[in-house]
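Asks: The structure is given below, and queries will be raised subsequently.
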Amino acid sequence: MAHVFTRHTAAARHELRPRGAAAVHVRRGAPGGRPLPEGGKPRFSLSADAAGEEPLAVVVRQADGRLAVLTPDHEPLAELRLPPRKKRWRPAYEIHLPDGTVLLGREGTVPSLLLCLALLPLVLLYQVGLALSDLPSDDIGSPLRTAWKQPGKLLGRAPLTESARGRFRVRDDRLDHRVAYAQAVAKYWER
């Protein structure tokens with residue numbers, strides 16, 4: 001079964017909104033009054049309530065710069081490895097699960113790259129139209145999707161995908177939804 005959620009960034013708070021479920025609240029740092037593992041620097045936490053009293057997961061930066069996704073009891077759920085900040089062409093996001101499974105996500109799947117090339121003339125015409133008019137232009141992002149798959153397995157369904165519109169889909173039988181939440185937040189907050 002697939003679990004679908006979107007990121008929402010309001011001025012006051014950040015949320016992940018799963019379809020058909022209560023919002024997951026994102027807070028910088030660790031939940032108040034909870035100890036952290038030795039050597040971990042708190043980055044953000046995911047909780048079921050806005051006050052942070054019901055934590056779902058805590059993400060800490062380890063000494064080697066990687067992000068560890070932990071349960072509230074400090075059991076490891078996954079390790080996230082983000083691309084260097086200067087990597088511009090198809091940055092790779094890695095998820096390392098405790099069982100040794102590695103999921104690699106690159107921005108721009110083959111179908112989304114082909115769609116981007118097909119729509120390029122229309123986008124250029126739109127940009128020219130905006131330049132000649134007095135209309136303000138909105139922030140136009142890339143129309144690429146990201147799929148996290150095991151390296152070497154090109155075919156098959158990806159455990160985690162992000163659409164061009166920012167909608168994440170995680171397959172519950174292949175990846176814990178808390179790890180998917182942490183990856184969605186880390187992709188945009190930690191760069």
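The way I read the labels, and the way they are meant: chains A, B, ... in the order of the structure tokens, residue 1 as the first residue of every chain, and ligand 1 as the first ligand shown, with later ones counted on from there.
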Which neighbours of stretch 101-109 of chain A fall inside 7 Å, counting only C-alpha atoms, when residues of the same chain fewer than 3 positions from it are skipped, and could you give them as a list in words?
Replies: Arg90, Pro91, Ala92, Tyr93, Glu94, Ile95, His96, Leu97, Ser112, Leu113, Leu144, Arg145, Thr146, Ala147, Trp148, Lys149, Gln150 and Pro151 of chain A
Asks: Store the residues of this selection in a file with N, CA, C and O atoms, as a PDB file, in the first residue's frame.
Replies:
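Once written, part23.pdb looks like this:
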```pdb
ATOM      1  N   ARG A  90      21.976  16.327 -11.416  1.00  0.00           N
ATOM      2  CA  ARG A  90      21.442  15.082 -10.870  1.00  0.00           C
ATOM      3  C   ARG A  90      22.068  14.715  -9.529  1.00  0.00           C
ATOM      4  O   ARG A  90      22.751  13.704  -9.408  1.00  0.00           O
ATOM      5  N   PRO A  91      21.836  15.525  -8.502  1.00  0.00           N
ATOM      6  CA  PRO A  91      22.381  15.175  -7.186  1.00  0.00           C
ATOM      7  C   PRO A  91      21.790  13.861  -6.682  1.00  0.00           C
ATOM      8  O   PRO A  91      20.644  13.533  -6.965  1.00  0.00           O
ATOM      9  N   ALA A  92      22.592  13.117  -5.944  1.00  0.00           N
ATOM     10  CA  ALA A  92      22.170  11.802  -5.442  1.00  0.00           C
ATOM     11  C   ALA A  92      21.895  11.878  -3.946  1.00  0.00           C
ATOM     12  O   ALA A  92      22.729  12.342  -3.165  1.00  0.00           O
ATOM     13  N   TYR A  93      20.725  11.415  -3.561  1.00  0.00           N
ATOM     14  CA  TYR A  93      20.331  11.330  -2.165  1.00  0.00           C
ATOM     15  C   TYR A  93      20.297   9.852  -1.801  1.00  0.00           C
ATOM     16  O   TYR A  93      19.658   9.058  -2.484  1.00  0.00           O
ATOM     17  N   GLU A  94      20.986   9.461  -0.728  1.00  0.00           N
ATOM     18  CA  GLU A  94      21.062   8.052  -0.358  1.00  0.00           C
ATOM     19  C   GLU A  94      20.339   7.818   0.963  1.00  0.00           C
ATOM     20  O   GLU A  94      20.425   8.637   1.879  1.00  0.00           O
ATOM     21  N   ILE A  95      19.658   6.672   1.051  1.00  0.00           N
ATOM     22  CA  ILE A  95      19.050   6.200   2.286  1.00  0.00           C
ATOM     23  C   ILE A  95      19.658   4.836   2.578  1.00  0.00           C
ATOM     24  O   ILE A  95      19.559   3.926   1.762  1.00  0.00           O
ATOM     25  N   HIS A  96      20.311   4.705   3.723  1.00  0.00           N
ATOM     26  CA  HIS A  96      20.906   3.438   4.145  1.00  0.00           C
ATOM     27  C   HIS A  96      20.058   2.891   5.293  1.00  0.00           C
ATOM     28  O   HIS A  96      19.986   3.496   6.364  1.00  0.00           O
ATOM     29  N   LEU A  97      19.420   1.739   5.061  1.00  0.00           N
ATOM     30  CA  LEU A  97      18.570   1.113   6.061  1.00  0.00           C
ATOM     31  C   LEU A  97      19.394   0.195   6.955  1.00  0.00           C
ATOM     32  O   LEU A  97      20.460  -0.279   6.541  1.00  0.00           O
ATOM     33  N   SER A 112      10.831  11.780 -16.795  1.00  0.00           N
ATOM     34  CA  SER A 112      10.677  13.206 -16.489  1.00  0.00           C
ATOM     35  C   SER A 112      11.649  14.056 -17.302  1.00  0.00           C
ATOM     36  O   SER A 112      11.323  15.187 -17.676  1.00  0.00           O
ATOM     37  N   LEU A 113      12.835  13.543 -17.604  1.00  0.00           N
ATOM     38  CA  LEU A 113      13.758  14.281 -18.465  1.00  0.00           C
ATOM     39  C   LEU A 113      13.221  14.394 -19.885  1.00  0.00           C
ATOM     40  O   LEU A 113      13.325  15.449 -20.525  1.00  0.00           O
ATOM     41  N   LEU A 144      11.052  17.914 -12.781  1.00  0.00           N
ATOM     42  CA  LEU A 144      11.658  16.596 -12.668  1.00  0.00           C
ATOM     43  C   LEU A 144      11.151  15.877 -11.428  1.00  0.00           C
ATOM     44  O   LEU A 144      10.856  16.490 -10.416  1.00  0.00           O
ATOM     45  N   ARG A 145      11.122  14.564 -11.518  1.00  0.00           N
ATOM     46  CA  ARG A 145      10.715  13.776 -10.374  1.00  0.00           C
ATOM     47  C   ARG A 145      11.927  13.021  -9.865  1.00  0.00           C
ATOM     48  O   ARG A 145      12.889  12.818 -10.596  1.00  0.00           O
ATOM     49  N   THR A 146      11.902  12.615  -8.617  1.00  0.00           N
ATOM     50  CA  THR A 146      12.987  11.869  -7.997  1.00  0.00           C
ATOM     51  C   THR A 146      12.443  10.534  -7.531  1.00  0.00           C
ATOM     52  O   THR A 146      11.371  10.475  -6.944  1.00  0.00           O
ATOM     53  N   ALA A 147      13.203   9.476  -7.802  1.00  0.00           N
ATOM     54  CA  ALA A 147      12.809   8.136  -7.376  1.00  0.00           C
ATOM     55  C   ALA A 147      13.982   7.504  -6.640  1.00  0.00           C
ATOM     56  O   ALA A 147      15.099   7.473  -7.149  1.00  0.00           O
ATOM     57  N   TRP A 148      13.746   7.028  -5.429  1.00  0.00           N
ATOM     58  CA  TRP A 148      14.768   6.358  -4.634  1.00  0.00           C
ATOM     59  C   TRP A 148      14.649   4.863  -4.891  1.00  0.00           C
ATOM     60  O   TRP A 148      13.649   4.236  -4.541  1.00  0.00           O
ATOM     61  N   LYS A 149      15.682   4.282  -5.518  1.00  0.00           N
ATOM     62  CA  LYS A 149      15.712   2.857  -5.835  1.00  0.00           C
ATOM     63  C   LYS A 149      17.031   2.274  -5.375  1.00  0.00           C
ATOM     64  O   LYS A 149      17.996   3.001  -5.129  1.00  0.00           O
ATOM     65  N   GLN A 150      17.093   0.947  -5.329  1.00  0.00           N
ATOM     66  CA  GLN A 150      18.341   0.283  -5.019  1.00  0.00           C
ATOM     67  C   GLN A 150      19.255   0.406  -6.229  1.00  0.00           C
ATOM     68  O   GLN A 150      18.809   0.230  -7.363  1.00  0.00           O
ATOM     69  N   PRO A 151      20.542   0.727  -6.020  1.00  0.00           N
ATOM     70  CA  PRO A 151      21.468   0.822  -7.153  1.00  0.00           C
ATOM     71  C   PRO A 151      21.527  -0.505  -7.911  1.00  0.00           C
ATOM     72  O   PRO A 151      21.567  -1.572  -7.316  1.00  0.00           O
TER      73      PRO A 151
END
```
Asks: List the neighbours of stretch 177-183 of chain A out to 9 Å using only C-alpha atoms; skip same-chain residues closer than 5 positions along the sequence, and give me the result as a ChimeraX atom specification.
Replies: /A:3,5,16,24,44-46,56-59,69-71,77-80,93,95,160,168-172,188
Asks: DSSP on the backbone: what in stretch 81-133 of chain A comes out helix (DSSP H, G or I), as JSON, numbers by chain?
Replies: {"A": [110, 111, 112, 113, 114, 115, 116, 117, 118, 119, 120, 121, 122, 123, 124, 125, 126, 127, 128, 129, 130, 131, 132]}
Asks: Between atom CA of A:Trp189 and atom CA of A:Pro83, what is the distance in Å, rounded to a tenth?
Replies: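 Calculated distance between atom CA of A:Trp189 and atom CA of A:Pro83 is 12.8 Å.
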Asks: Would you kindly return, as a PyMOL selection string, each protein, DNA or RNA residue with an atom no farther than 9 Å from any atom of stretch 17-21 of chain A, considering only C-alpha atoms and excluding same-chain residues fewer than 4 positions away?
Replies: chain A and resi 3-8+25
